[in-house]
$ cat model-v4.cif   # mmCIF, C-alpha atoms
data_coords
loop_
_atom_site.label_atom_id
_atom_site.label_comp_id
_atom_site.auth_asym_id
_atom_site.auth_seq_id
_atom_site.Cartn_x
_atom_site.Cartn_y
_atom_site.Cartn_z
CA MET A 271 0.00 0.00 0.00
CA ILE A 272 2.88 2.32 0.73
CA ALA A 273 4.27 1.34 -2.67
CA LEU A 274 0.98 2.30 -4.30
CA LEU A 275 0.96 5.65 -2.51
CA ALA A 276 4.56 6.30 -3.47
CA ARG A 277 3.82 5.36 -7.08
CA ASP A 278 0.78 7.63 -7.32
CA LEU A 279 2.64 10.56 -5.80
CA ARG A 280 5.58 9.97 -8.10
CA LEU A 281 3.29 9.80 -11.13
CA ALA A 282 1.58 13.02 -10.05
CA VAL A 283 4.80 15.02 -9.97
CA ARG A 284 6.26 13.50 -13.16
CA ALA A 285 5.55 15.07 -16.52
CA GLY A 286 1.85 15.05 -17.37
CA GLY A 287 0.82 14.04 -13.88
CA GLY A 288 -1.31 17.11 -13.38
CA PHE A 289 0.19 18.15 -10.07
CA GLY A 290 -0.28 21.89 -9.63
CA LEU A 291 -3.30 22.05 -11.92
CA SER A 292 -5.71 22.38 -9.01
CA LEU A 293 -3.52 24.92 -7.29
CA ALA A 294 -3.32 27.01 -10.45
CA PHE A 295 -7.09 26.80 -10.85
CA PHE A 296 -7.59 27.90 -7.23
CA LEU A 297 -5.22 30.81 -7.82
CA ILE A 298 -7.10 31.86 -10.95
CA VAL A 299 -10.45 31.84 -9.13
CA THR A 300 -9.22 33.88 -6.20
CA VAL A 301 -7.39 36.36 -8.43
CA LEU A 302 -10.34 36.83 -10.77
CA VAL A 303 -13.06 37.28 -8.14
CA PRO A 304 -11.80 40.69 -6.87
CA PHE A 305 -11.74 41.87 -10.48
CA GLY A 306 -15.25 40.60 -11.02
CA VAL A 307 -16.95 41.94 -7.90
CA GLY A 308 -14.84 45.06 -7.45
CA PRO A 309 -12.06 45.87 -5.02
CA GLU A 310 -14.30 47.07 -2.18
CA GLY A 311 -12.83 45.42 0.95
CA GLY A 312 -16.07 44.95 2.89
CA THR A 313 -17.80 43.02 0.12
CA LEU A 314 -14.77 40.85 -0.55
CA ALA A 315 -14.30 40.05 3.14
CA ARG A 316 -17.93 38.99 3.39
CA ILE A 317 -17.87 36.65 0.37
CA ALA A 318 -14.29 35.39 0.88
CA PRO A 319 -15.16 32.25 2.91
CA GLY A 320 -17.64 31.10 0.30
CA ILE A 321 -15.36 31.93 -2.63
CA LEU A 322 -12.41 30.15 -1.06
CA TRP A 323 -14.45 27.02 -0.41
CA VAL A 324 -16.12 27.01 -3.83
CA GLY A 325 -12.71 27.54 -5.40
CA ALA A 326 -11.20 24.68 -3.44
CA LEU A 327 -14.12 22.44 -4.29
CA LEU A 328 -13.97 23.11 -8.02
CA ALA A 329 -10.19 22.79 -8.01
CA CYS A 330 -10.60 19.39 -6.39
CA LEU A 331 -13.27 18.38 -8.91
CA LEU A 332 -10.94 19.21 -11.77
CA SER A 333 -8.60 16.31 -11.11
CA LEU A 334 -11.07 13.68 -9.92
CA ASP A 335 -11.49 11.79 -13.17
CA ARG A 336 -7.77 11.09 -13.22
CA ILE A 337 -7.91 9.09 -10.00
CA TYR A 338 -8.54 5.79 -11.81
CA ALA A 339 -8.87 6.75 -15.48
CA LEU A 340 -5.19 6.31 -16.31
CA ASP A 341 -4.94 3.07 -14.34
CA PHE A 342 -8.04 1.80 -16.13
CA GLU A 343 -6.70 2.65 -19.57
CA ASP A 344 -3.30 1.04 -19.17
CA GLY A 345 -4.68 -2.07 -17.47
CA SER A 346 -3.16 -1.38 -14.04
CA LEU A 347 -6.57 -1.32 -12.41
CA ASP A 348 -7.32 -4.89 -13.58
CA LEU A 349 -3.95 -5.99 -12.27
CA LEU A 350 -4.46 -4.15 -8.97
CA ALA A 351 -7.84 -5.84 -8.64
CA THR A 352 -6.13 -9.24 -8.90
CA ALA A 353 -3.24 -8.18 -6.63
CA PRO A 354 -3.13 -9.12 -2.96
CA ILE A 355 -4.33 -5.68 -1.87
CA PRO A 356 -8.03 -5.31 -1.04
CA MET A 357 -9.84 -2.94 -3.39
CA GLU A 358 -10.95 -0.87 -0.40
CA ALA A 359 -7.30 -0.22 0.41
CA VAL A 360 -6.55 0.69 -3.21
CA VAL A 361 -9.41 3.20 -3.14
CA SER A 362 -8.31 4.67 0.19
CA VAL A 363 -4.71 4.99 -0.91
CA LYS A 364 -5.71 6.61 -4.18
CA ALA A 365 -7.97 9.06 -2.35
CA LEU A 366 -5.10 9.84 0.03
CA ALA A 367 -2.74 10.39 -2.89
CA HIS A 368 -5.32 12.67 -4.49
CA TRP A 369 -5.63 14.66 -1.28
CA LEU A 370 -1.87 14.95 -0.87
CA THR A 371 -1.50 16.27 -4.41
CA THR A 372 -4.55 18.56 -4.53
CA GLY A 373 -6.14 19.11 -1.11
CA LEU A 374 -2.99 19.62 0.92
CA PRO A 375 -1.42 22.20 -1.44
CA LEU A 376 -4.74 24.09 -1.36
CA VAL A 377 -4.74 24.08 2.44
CA LEU A 378 -1.18 25.35 2.56
CA ALA A 379 -1.69 28.00 -0.10
CA ALA A 380 -5.09 29.19 1.12
CA PRO A 381 -3.78 31.85 3.55
CA VAL A 382 -1.99 33.58 0.68
CA PHE A 383 -5.17 33.54 -1.39
CA GLY A 384 -7.10 34.76 1.65
CA VAL A 385 -5.07 37.96 1.52
CA LEU A 386 -6.15 38.48 -2.09
CA LEU A 387 -9.78 38.29 -0.94
CA HIS A 388 -9.33 40.63 2.00
CA LEU A 389 -10.16 37.94 4.51
CA PRO A 390 -10.25 39.39 8.05
CA GLY A 391 -7.24 38.60 10.24
CA PRO A 392 -8.87 36.26 12.80
CA ALA A 393 -10.33 34.11 10.04
CA PHE A 394 -7.00 32.82 8.72
CA VAL A 395 -6.63 30.17 11.38
CA TRP A 396 -10.16 28.99 10.69
CA LEU A 397 -9.56 29.02 6.94
CA VAL A 398 -6.63 26.61 7.25
CA LEU A 399 -8.44 24.50 9.83
CA SER A 400 -11.64 24.39 7.79
CA LEU A 401 -9.92 23.38 4.53
CA GLY A 402 -7.62 20.99 6.37
CA VAL A 403 -10.51 19.18 8.00
CA GLY A 404 -12.90 19.37 5.07
CA THR A 405 -10.84 18.62 1.94
CA PRO A 406 -10.13 14.95 2.77
CA ALA A 407 -13.88 14.35 2.45
CA LEU A 408 -13.77 15.93 -1.01
CA SER A 409 -11.06 13.52 -2.13
CA VAL A 410 -12.77 10.43 -0.74
CA LEU A 411 -16.19 11.36 -2.13
CA GLY A 412 -14.48 12.16 -5.41
CA ALA A 413 -12.83 8.75 -5.40
CA PHE A 414 -16.30 7.25 -5.05
CA GLY A 415 -17.67 9.30 -7.96
CA ALA A 416 -14.65 8.37 -10.06
CA ALA A 417 -15.20 4.71 -9.19
CA LEU A 418 -18.77 4.90 -10.47
CA THR A 419 -17.65 6.36 -13.79
CA VAL A 420 -14.40 4.46 -14.20
CA GLY A 421 -15.25 2.65 -17.43
CA LEU A 422 -16.72 5.65 -19.19
CA LYS A 423 -14.85 7.65 -21.75
CA ARG A 424 -15.16 11.36 -20.94
CA GLY A 425 -16.97 10.51 -17.74
CA GLY A 426 -16.02 13.87 -16.27
CA LEU A 427 -19.43 15.46 -16.80
CA LEU A 428 -21.32 12.63 -15.16
CA LEU A 429 -18.74 12.52 -12.41
CA SER A 430 -19.20 16.20 -11.59
CA LEU A 431 -22.97 15.87 -11.51
CA LEU A 432 -22.76 12.82 -9.26
CA VAL A 433 -20.28 14.29 -6.85
CA LEU A 434 -21.50 17.88 -6.50
CA PRO A 435 -24.54 17.09 -4.31
CA LEU A 436 -22.30 14.99 -2.07
CA TYR A 437 -20.01 17.98 -1.63
CA MET A 438 -22.79 20.25 -0.37
CA PRO A 439 -22.59 19.49 3.39
CA THR A 440 -18.83 19.95 3.40
CA LEU A 441 -19.15 23.23 1.52
CA ILE A 442 -21.88 24.57 3.81
CA PHE A 443 -20.17 23.75 7.09
CA GLY A 444 -16.70 24.61 5.79
CA ALA A 445 -17.68 28.09 4.63
CA GLU A 446 -19.79 28.62 7.75
CA LEU A 447 -16.80 27.78 9.94
CA ILE A 448 -14.65 30.43 8.26
CA ALA A 449 -17.46 33.01 8.30
CA ARG A 450 -18.04 32.50 11.99
CA GLY A 451 -14.31 32.59 12.65
CA ALA A 452 -14.11 35.90 10.80
CA SER A 453 -16.97 37.45 12.76
CA GLY A 454 -15.87 35.99 16.09
CA GLY A 455 -18.93 33.74 16.44
CA ALA A 456 -19.17 30.27 17.98
CA THR A 457 -17.13 27.92 15.79
CA THR A 458 -17.55 24.63 17.63
CA THR A 459 -20.69 23.39 15.89
CA PRO A 460 -19.60 23.82 12.26
CA LEU A 461 -16.14 22.50 13.10
CA LEU A 462 -17.57 19.36 14.70
CA MET A 463 -20.02 18.86 11.85
CA LEU A 464 -17.25 19.27 9.28
CA ALA A 465 -14.99 16.87 11.15
CA GLY A 466 -17.87 14.41 11.54
CA ILE A 467 -18.66 14.46 7.82
CA THR A 468 -15.02 13.87 6.96
CA ALA A 469 -14.63 11.07 9.51
CA ALA A 470 -17.77 9.27 8.35
CA THR A 471 -16.82 9.70 4.69
CA VAL A 472 -13.29 8.41 5.14
CA ALA A 473 -14.55 5.43 7.14
CA LEU A 474 -17.48 4.34 4.97
CA VAL A 475 -17.17 5.58 1.40
CA PRO A 476 -14.13 3.44 0.39
CA PHE A 477 -16.33 0.34 0.70
CA ALA A 478 -18.89 1.78 -1.69
CA ALA A 479 -16.17 2.94 -4.07
CA ALA A 480 -14.49 -0.50 -4.07
CA ALA A 481 -17.83 -2.17 -4.83
CA ALA A 482 -18.41 0.26 -7.70
CA ILE A 483 -15.00 -0.51 -9.19
CA ARG A 484 -15.54 -4.26 -8.97
CA VAL A 485 -18.80 -3.89 -10.87
CA ASN A 486 -17.23 -1.63 -13.46
CA LEU A 487 -14.33 -4.00 -14.12
CA ARG A 488 -16.61 -6.92 -15.04
CA MET B 177 -3.70 -26.14 -8.12
CA LEU B 178 -6.57 -24.88 -10.20
CA ALA B 179 -9.72 -26.76 -11.08
CA ILE B 180 -12.54 -25.47 -13.22
CA GLU B 181 -15.87 -27.27 -12.94
CA SER B 182 -18.49 -26.78 -15.68
CA LEU B 183 -17.91 -23.08 -15.81
CA ALA B 184 -20.19 -20.77 -17.79
CA VAL B 185 -19.15 -17.19 -18.44
CA ALA B 186 -20.88 -14.15 -19.87
CA ARG B 187 -19.61 -11.05 -21.61
CA GLY B 188 -21.73 -7.92 -21.74
CA GLY B 189 -24.74 -9.85 -20.43
CA VAL B 190 -24.54 -12.56 -23.10
CA ALA B 191 -23.51 -16.07 -22.15
CA ILE B 192 -20.63 -17.07 -24.40
CA LEU B 193 -19.09 -20.22 -22.92
CA GLU B 194 -20.57 -23.05 -20.93
CA GLY B 195 -19.52 -26.39 -19.57
CA VAL B 196 -15.82 -25.57 -19.44
CA SER B 197 -14.03 -28.01 -17.13
CA PHE B 198 -10.37 -28.72 -16.65
CA ALA B 199 -7.80 -29.10 -13.94
CA LEU B 200 -4.24 -27.87 -13.74
CA SER B 201 -1.69 -29.40 -11.45
CA ALA B 202 1.88 -28.40 -10.70
CA GLY B 203 4.14 -28.41 -13.73
CA GLN B 204 1.29 -28.38 -16.24
CA ALA B 205 0.43 -25.83 -18.87
CA LEU B 206 -2.87 -25.62 -20.68
CA VAL B 207 -3.23 -23.69 -23.92
CA LEU B 208 -6.63 -22.25 -24.76
CA ARG B 209 -7.46 -21.98 -28.41
CA GLY B 210 -10.39 -20.72 -30.36
CA PRO B 211 -11.29 -18.06 -32.90
CA ASN B 212 -11.49 -14.36 -32.01
CA GLY B 213 -14.46 -13.56 -29.85
CA CYS B 214 -14.98 -17.11 -28.64
CA GLY B 215 -14.52 -16.07 -25.01
CA LYS B 216 -10.87 -16.72 -24.18
CA THR B 217 -10.34 -13.38 -22.51
CA THR B 218 -13.65 -13.55 -20.67
CA LEU B 219 -12.83 -17.02 -19.37
CA LEU B 220 -9.40 -15.86 -18.18
CA ARG B 221 -10.86 -12.75 -16.51
CA THR B 222 -13.41 -14.91 -14.73
CA ILE B 223 -10.72 -17.28 -13.52
CA ALA B 224 -8.60 -14.33 -12.40
CA GLY B 225 -11.56 -13.21 -10.31
CA LEU B 226 -12.38 -10.01 -12.18
CA GLN B 227 -15.93 -11.10 -12.91
CA PRO B 228 -18.25 -13.67 -11.41
CA PRO B 229 -19.00 -16.87 -13.34
CA LEU B 230 -22.52 -17.42 -14.66
CA ALA B 231 -22.45 -21.00 -13.42
CA GLY B 232 -19.92 -23.56 -12.26
CA ARG B 233 -17.04 -23.36 -9.84
CA ILE B 234 -13.43 -22.23 -9.80
CA VAL B 235 -11.50 -24.20 -7.22
CA ALA B 236 -8.14 -22.74 -6.29
CA PRO B 237 -6.38 -21.93 -3.05
CA GLY B 238 -6.24 -18.22 -2.27
CA ASP B 239 -3.51 -16.05 -3.71
CA VAL B 240 -2.13 -18.42 -6.31
CA ILE B 241 -3.13 -16.73 -9.55
CA ALA B 242 -1.07 -14.11 -11.37
CA TYR B 243 -3.06 -12.57 -14.19
CA GLY B 244 -1.40 -11.18 -17.29
CA ALA B 245 -3.81 -9.25 -19.48
CA HIS B 246 -3.61 -7.73 -22.96
CA ALA B 247 -2.62 -4.45 -21.33
CA ASP B 248 0.62 -4.58 -19.40
CA GLY B 249 -0.34 -2.04 -16.73
CA LEU B 250 2.82 -0.04 -17.23
CA LYS B 251 3.24 3.57 -16.24
CA ALA B 252 4.76 5.47 -19.13
CA THR B 253 6.55 8.05 -17.00
CA LEU B 254 8.14 5.51 -14.66
CA SER B 255 11.31 3.69 -15.62
CA VAL B 256 11.41 -0.04 -16.27
CA VAL B 257 12.87 -0.80 -12.88
CA GLU B 258 10.43 1.54 -11.08
CA ASN B 259 7.51 -0.22 -12.72
CA LEU B 260 8.84 -3.59 -11.63
CA HIS B 261 9.68 -2.43 -8.11
CA PHE B 262 6.12 -1.24 -7.68
CA TRP B 263 4.60 -4.60 -8.58
CA ALA B 264 7.25 -6.45 -6.59
CA ALA B 265 6.31 -4.37 -3.54
CA VAL B 266 2.59 -5.01 -4.11
CA TYR B 267 3.25 -8.75 -4.13
CA GLY B 268 5.83 -8.52 -1.33
CA GLN B 269 8.63 -9.95 -3.49
CA PRO B 270 11.20 -7.14 -3.75
CA ALA B 271 14.09 -9.57 -4.23
CA ARG B 272 12.74 -10.85 -7.56
CA VAL B 273 13.22 -7.67 -9.56
CA ALA B 274 16.83 -8.31 -10.58
CA THR B 275 16.20 -11.88 -11.75
CA ALA B 276 13.08 -10.85 -13.64
CA LEU B 277 15.04 -8.13 -15.46
CA ALA B 278 17.71 -10.62 -16.37
CA GLU B 279 15.30 -13.34 -17.48
CA MET B 280 13.41 -11.00 -19.80
CA ASN B 281 16.65 -9.43 -21.09
CA LEU B 282 15.69 -5.98 -19.80
CA ALA B 283 18.75 -5.25 -17.69
CA ALA B 284 20.18 -2.87 -20.28
CA LEU B 285 16.90 -0.96 -20.38
CA ALA B 286 16.38 -0.83 -16.62
CA HIS B 287 16.50 2.94 -16.28
CA ARG B 288 14.67 3.85 -19.47
CA ALA B 289 11.21 5.37 -19.12
CA ALA B 290 8.55 2.86 -20.11
CA MET B 291 7.15 5.28 -22.69
CA SER B 292 10.34 5.06 -24.74
CA LEU B 293 10.18 1.27 -25.02
CA SER B 294 9.10 -0.49 -28.18
CA ALA B 295 5.91 -2.55 -28.18
CA GLY B 296 7.86 -5.78 -27.80
CA GLN B 297 9.99 -4.37 -25.00
CA LYS B 298 6.84 -3.25 -23.19
CA ARG B 299 5.45 -6.74 -23.51
CA ARG B 300 8.67 -8.16 -22.09
CA LEU B 301 8.32 -5.78 -19.16
CA GLY B 302 4.74 -6.97 -18.74
CA LEU B 303 6.00 -10.55 -18.60
CA ALA B 304 8.73 -9.55 -16.17
CA ARG B 305 5.96 -8.18 -13.96
CA LEU B 306 4.53 -11.69 -13.96
CA LEU B 307 7.86 -13.08 -12.78
CA VAL B 308 8.03 -10.69 -9.81
CA THR B 309 4.61 -11.72 -8.52
CA GLY B 310 5.97 -15.07 -7.38
CA ARG B 311 2.51 -16.61 -7.86
CA PRO B 312 2.41 -20.28 -8.93
CA VAL B 313 -0.47 -20.17 -11.44
CA TRP B 314 -0.02 -17.89 -14.43
CA VAL B 315 -3.17 -16.94 -16.26
CA LEU B 316 -2.01 -15.30 -19.47
CA ASP B 317 -3.93 -13.62 -22.24
CA GLU B 318 -1.99 -13.67 -25.53
CA PRO B 319 1.40 -13.29 -23.82
CA THR B 320 3.42 -13.35 -27.04
CA ILE B 321 1.73 -10.47 -28.88
CA SER B 322 4.30 -8.13 -30.46
CA LEU B 323 7.22 -10.32 -29.39
CA ASP B 324 9.87 -11.29 -31.92
CA ALA B 325 11.10 -14.86 -32.23
CA ALA B 326 13.99 -14.35 -29.81
CA SER B 327 11.68 -12.86 -27.20
CA VAL B 328 9.15 -15.66 -27.63
CA GLU B 329 12.05 -17.99 -26.89
CA LEU B 330 12.86 -15.96 -23.75
CA PHE B 331 9.25 -16.28 -22.68
CA ALA B 332 9.21 -19.99 -23.41
CA ASN B 333 12.34 -20.43 -21.29
CA ALA B 334 10.80 -18.48 -18.42
CA LEU B 335 7.64 -20.54 -18.74
CA ARG B 336 9.61 -23.79 -18.75
CA ALA B 337 11.50 -22.68 -15.65
CA HIS B 338 8.22 -21.73 -14.01
CA LEU B 339 6.67 -25.13 -14.79
CA GLY B 340 9.87 -26.86 -13.72
CA THR B 341 9.69 -25.29 -10.27
CA GLY B 342 6.17 -26.55 -9.69
CA GLY B 343 4.23 -23.74 -11.30
CA ALA B 344 1.30 -24.03 -13.66
CA ALA B 345 0.08 -21.89 -16.53
CA LEU B 346 -3.13 -21.27 -18.41
CA ILE B 347 -2.44 -19.50 -21.67
CA ALA B 348 -4.67 -18.18 -24.40
CA THR B 349 -2.58 -17.95 -27.53
CA HIS B 350 -2.68 -18.44 -31.28
CA ILE B 351 0.93 -19.36 -31.77
CA ASP B 352 2.96 -22.40 -30.90
CA ILE B 353 5.10 -21.48 -27.90
CA GLY B 354 7.32 -24.50 -28.33
CA LEU B 355 6.47 -26.38 -25.18
CA VAL B 356 6.59 -30.12 -25.56
CA ALA B 357 4.11 -31.24 -22.96
CA THR B 358 1.18 -28.90 -23.13
CA ALA B 359 -2.45 -29.80 -23.22
CA THR B 360 -4.71 -27.83 -25.52
CA LEU B 361 -8.33 -26.94 -24.95
CA ASP B 362 -10.34 -25.73 -27.92
CA LEU B 363 -13.11 -23.48 -26.68
CA THR B 364 -15.16 -23.76 -29.89
CA ALA B 365 -16.74 -26.89 -28.46
CA HIS B 366 -17.95 -25.00 -25.39
CA LYS B 367 -19.83 -22.23 -27.13
CA ALA B 368 -22.86 -21.35 -25.04
CA ARG B 369 -26.27 -22.35 -26.38
CA ALA B 370 -28.89 -19.65 -26.81
CA PRO B 371 -31.25 -19.34 -23.82
CA GLN B 372 -34.17 -20.70 -25.85
CA ASP B 373 -32.14 -23.84 -26.57
CA GLY B 374 -31.60 -24.48 -22.90
CA GLY B 375 -28.46 -22.39 -22.38
CA ALA B 376 -27.88 -20.21 -19.34
CA ALA B 377 -29.34 -16.73 -19.54
CA GLY B 378 -26.87 -13.89 -19.28
CA GLY B 379 -26.68 -11.65 -16.25
CA PHE B 380 -28.37 -8.84 -18.12
CA ASP B 381 -31.48 -10.92 -18.78
CA GLU B 382 -31.56 -12.02 -15.17
CA ALA B 383 -31.54 -8.46 -13.90
CA PHE B 384 -34.59 -7.60 -16.00
CA ALA B 385 -36.48 -10.86 -15.75
#

$ encode --input "model-v4.cif" --output "structure tokens"
Amino acid sequence: MIALLARDLRLAVRAGGGFGLSLAFFLIVTVLVPFGVGPEGGTLARIAPGILWVGALLACLLSLDRIYALDFEDGSLDLLATAPIPMEAVVSVKALAHWLTTGLPLVLAAPVFGVLLHLPGPAFVWLVLSLGVGTPALSVLGAFGAALTVGLKRGGLLLSLLVLPLYMPTLIFGAELIARGASGGATTTPLLMLAGITAATVALVPFAAAAAIRVNLR
Amino acid sequence: MLAIESLAVARGGVAILEGVSFALSAGQALVLRGPNGCGKTTLLRTIAGLQPPLAGRIVAPGDVIAYGAHADGLKATLSVVENLHFWAAVYGQPARVATALAEMNLAALAHRAAMSLSAGQKRRLGLARLLVTGRPVWVLDEPTISLDAASVELFANALRAHLGTGGAALIATHIDIGLVATATLDLTAHKARAPQDGGAAGGFDEAFA
């Protein structure tokens, strides 16, 4: 399993691996929004939590179809399915690799992008915490959506439509956590809800994703 | 090591083979023959556990089968040795990489990226992957495609060594690999009957019955 993780990370940073694509997309969104809505600090500060989360979510969505598509095309997925690693572990490791190459860079870069959106000072801690706790759920849910569409050519559209509703709770509680952090409100409830969603997703969804892959490989 | 009892398999919801039975013991190789589309690949995928059989049983101890498909499962941006190390680690056999490279005559190419290999070299790497699994039963789908005569000989040697050390192999192929003692099973005789003639219905029909 460590070998699989190491391989996926290595593939992501090699030529054509797509590492940095999500980060660049996130950057584009956060740079463009101030131009679109105007430079007025109060407005930007108010919409910043939502924009940052929507940006992170779309950036994550961008690379989802690559989770298994390349492995499916070159036959690795068939071989992994017959290898002595349970499919659930393959799914979990691939979701982890996806998070390490898309979610984690977003979490680390978010404070810089927060400055671009005039995010209030006290909210920065909550921004990092919110994305850090919430983005693993995006990767795991995305791995499930990608598993459902693994055999389809150009399954990206269907994948986005399948996954977006599943992302809603994370988006709502994630943005709410930052907004409350910015205004000095009570942050415990959204933080616990966000953490709960991620914990449940990471624990349960790999089983569903593995079942979907097994069906799709038939 | 591997016994197949009146197996029926379906592809895309249509039953294509039925009543396939054979047994493989240590040191034996069985060659599957039949025209294109007769169900060789589907049978091998079923035996490898990638899809459930329509009927019948596959009797094998756990973790004995190494499946080699049409696609080699190589990562173009990884080097030859990185590809092999990955599969060796998955199967917990890191010590086999060097011998596999040598047996498939890939040592000189070890640090080349897989994308710069020729089709035959890729196939040799795919077969080397099989060697690093350390599994006793090889289930191979057209293993000699795009290999030249010398490479087919390499493969035949590896296969002979594998059978000699108590392995077994099930191979779908159209060419003569040059093994003396191989049994051959022609799948034409096992073509599935249509459901109205008493054949098994495919999974698709079942789901909508």

$ resolve_selection --input "model-v4.cif" --expression "the PyMOL selection byres ((chain A) within 9 of (chain B))" --output "PDB file with C-alpha atoms, keeping the file's coordinate frame"
ATOM      1  CA  MET A 271       0.000   0.000   0.000  1.00  0.00           C
ATOM      2  CA  ILE A 272       2.880   2.320   0.730  1.00  0.00           C
ATOM      3  CA  ALA A 273       4.270   1.340  -2.670  1.00  0.00           C
ATOM      4  CA  LEU A 274       0.980   2.300  -4.300  1.00  0.00           C
ATOM      5  CA  ALA A 276       4.560   6.300  -3.470  1.00  0.00           C
ATOM      6  CA  ARG A 277       3.820   5.360  -7.080  1.00  0.00           C
ATOM      7  CA  ARG A 280       5.580   9.970  -8.100  1.00  0.00           C
ATOM      8  CA  LEU A 281       3.290   9.800 -11.130  1.00  0.00           C
ATOM      9  CA  ARG A 284       6.260  13.500 -13.160  1.00  0.00           C
ATOM     10  CA  ALA A 285       5.550  15.070 -16.520  1.00  0.00           C
ATOM     11  CA  GLY A 286       1.850  15.050 -17.370  1.00  0.00           C
ATOM     12  CA  GLY A 287       0.820  14.040 -13.880  1.00  0.00           C
ATOM     13  CA  LEU A 340      -5.190   6.310 -16.310  1.00  0.00           C
ATOM     14  CA  ASP A 341      -4.940   3.070 -14.340  1.00  0.00           C
ATOM     15  CA  PHE A 342      -8.040   1.800 -16.130  1.00  0.00           C
ATOM     16  CA  GLU A 343      -6.700   2.650 -19.570  1.00  0.00           C
ATOM     17  CA  ASP A 344      -3.300   1.040 -19.170  1.00  0.00           C
ATOM     18  CA  GLY A 345      -4.680  -2.070 -17.470  1.00  0.00           C
ATOM     19  CA  SER A 346      -3.160  -1.380 -14.040  1.00  0.00           C
ATOM     20  CA  LEU A 347      -6.570  -1.320 -12.410  1.00  0.00           C
ATOM     21  CA  ASP A 348      -7.320  -4.890 -13.580  1.00  0.00           C
ATOM     22  CA  LEU A 349      -3.950  -5.990 -12.270  1.00  0.00           C
ATOM     23  CA  LEU A 350      -4.460  -4.150  -8.970  1.00  0.00           C
ATOM     24  CA  ALA A 351      -7.840  -5.840  -8.640  1.00  0.00           C
ATOM     25  CA  THR A 352      -6.130  -9.240  -8.900  1.00  0.00           C
ATOM     26  CA  ALA A 353      -3.240  -8.180  -6.630  1.00  0.00           C
ATOM     27  CA  PRO A 354      -3.130  -9.120  -2.960  1.00  0.00           C
ATOM     28  CA  ILE A 355      -4.330  -5.680  -1.870  1.00  0.00           C
ATOM     29  CA  ARG A 484     -15.540  -4.260  -8.970  1.00  0.00           C
ATOM     30  CA  VAL A 485     -18.800  -3.890 -10.870  1.00  0.00           C
ATOM     31  CA  LEU A 487     -14.330  -4.000 -14.120  1.00  0.00           C
ATOM     32  CA  ARG A 488     -16.610  -6.920 -15.040  1.00  0.00           C
TER      33      ARG A 488
END

$ closest_residue --input "model-v4.cif" --among "A:Thr300, A:Ser430, A:Thr371, A:Thr440" --to "A:Asp335" --atoms "all atoms listed in the file"
A:Ser430

$ resolve_selection --input "model-v4.cif" --expression "the PyMOL selection byres ((chain A and resi 393-401) around 7)" --output "PyMOL selection string"
chain A and resi 377+380-381+389-392+402-405+444+447-448+451-452

$ atom_distance --input "model-v4.cif" --atom1 "atom CA of A:Ile483" --atom2 "atom CA of A:Phe295"
28.5 Å

$ atom_distance --input "model-v4.cif" --atom1 "atom CA of B:Arg300" --atom2 "atom CA of B:Met280"
6.0 Å
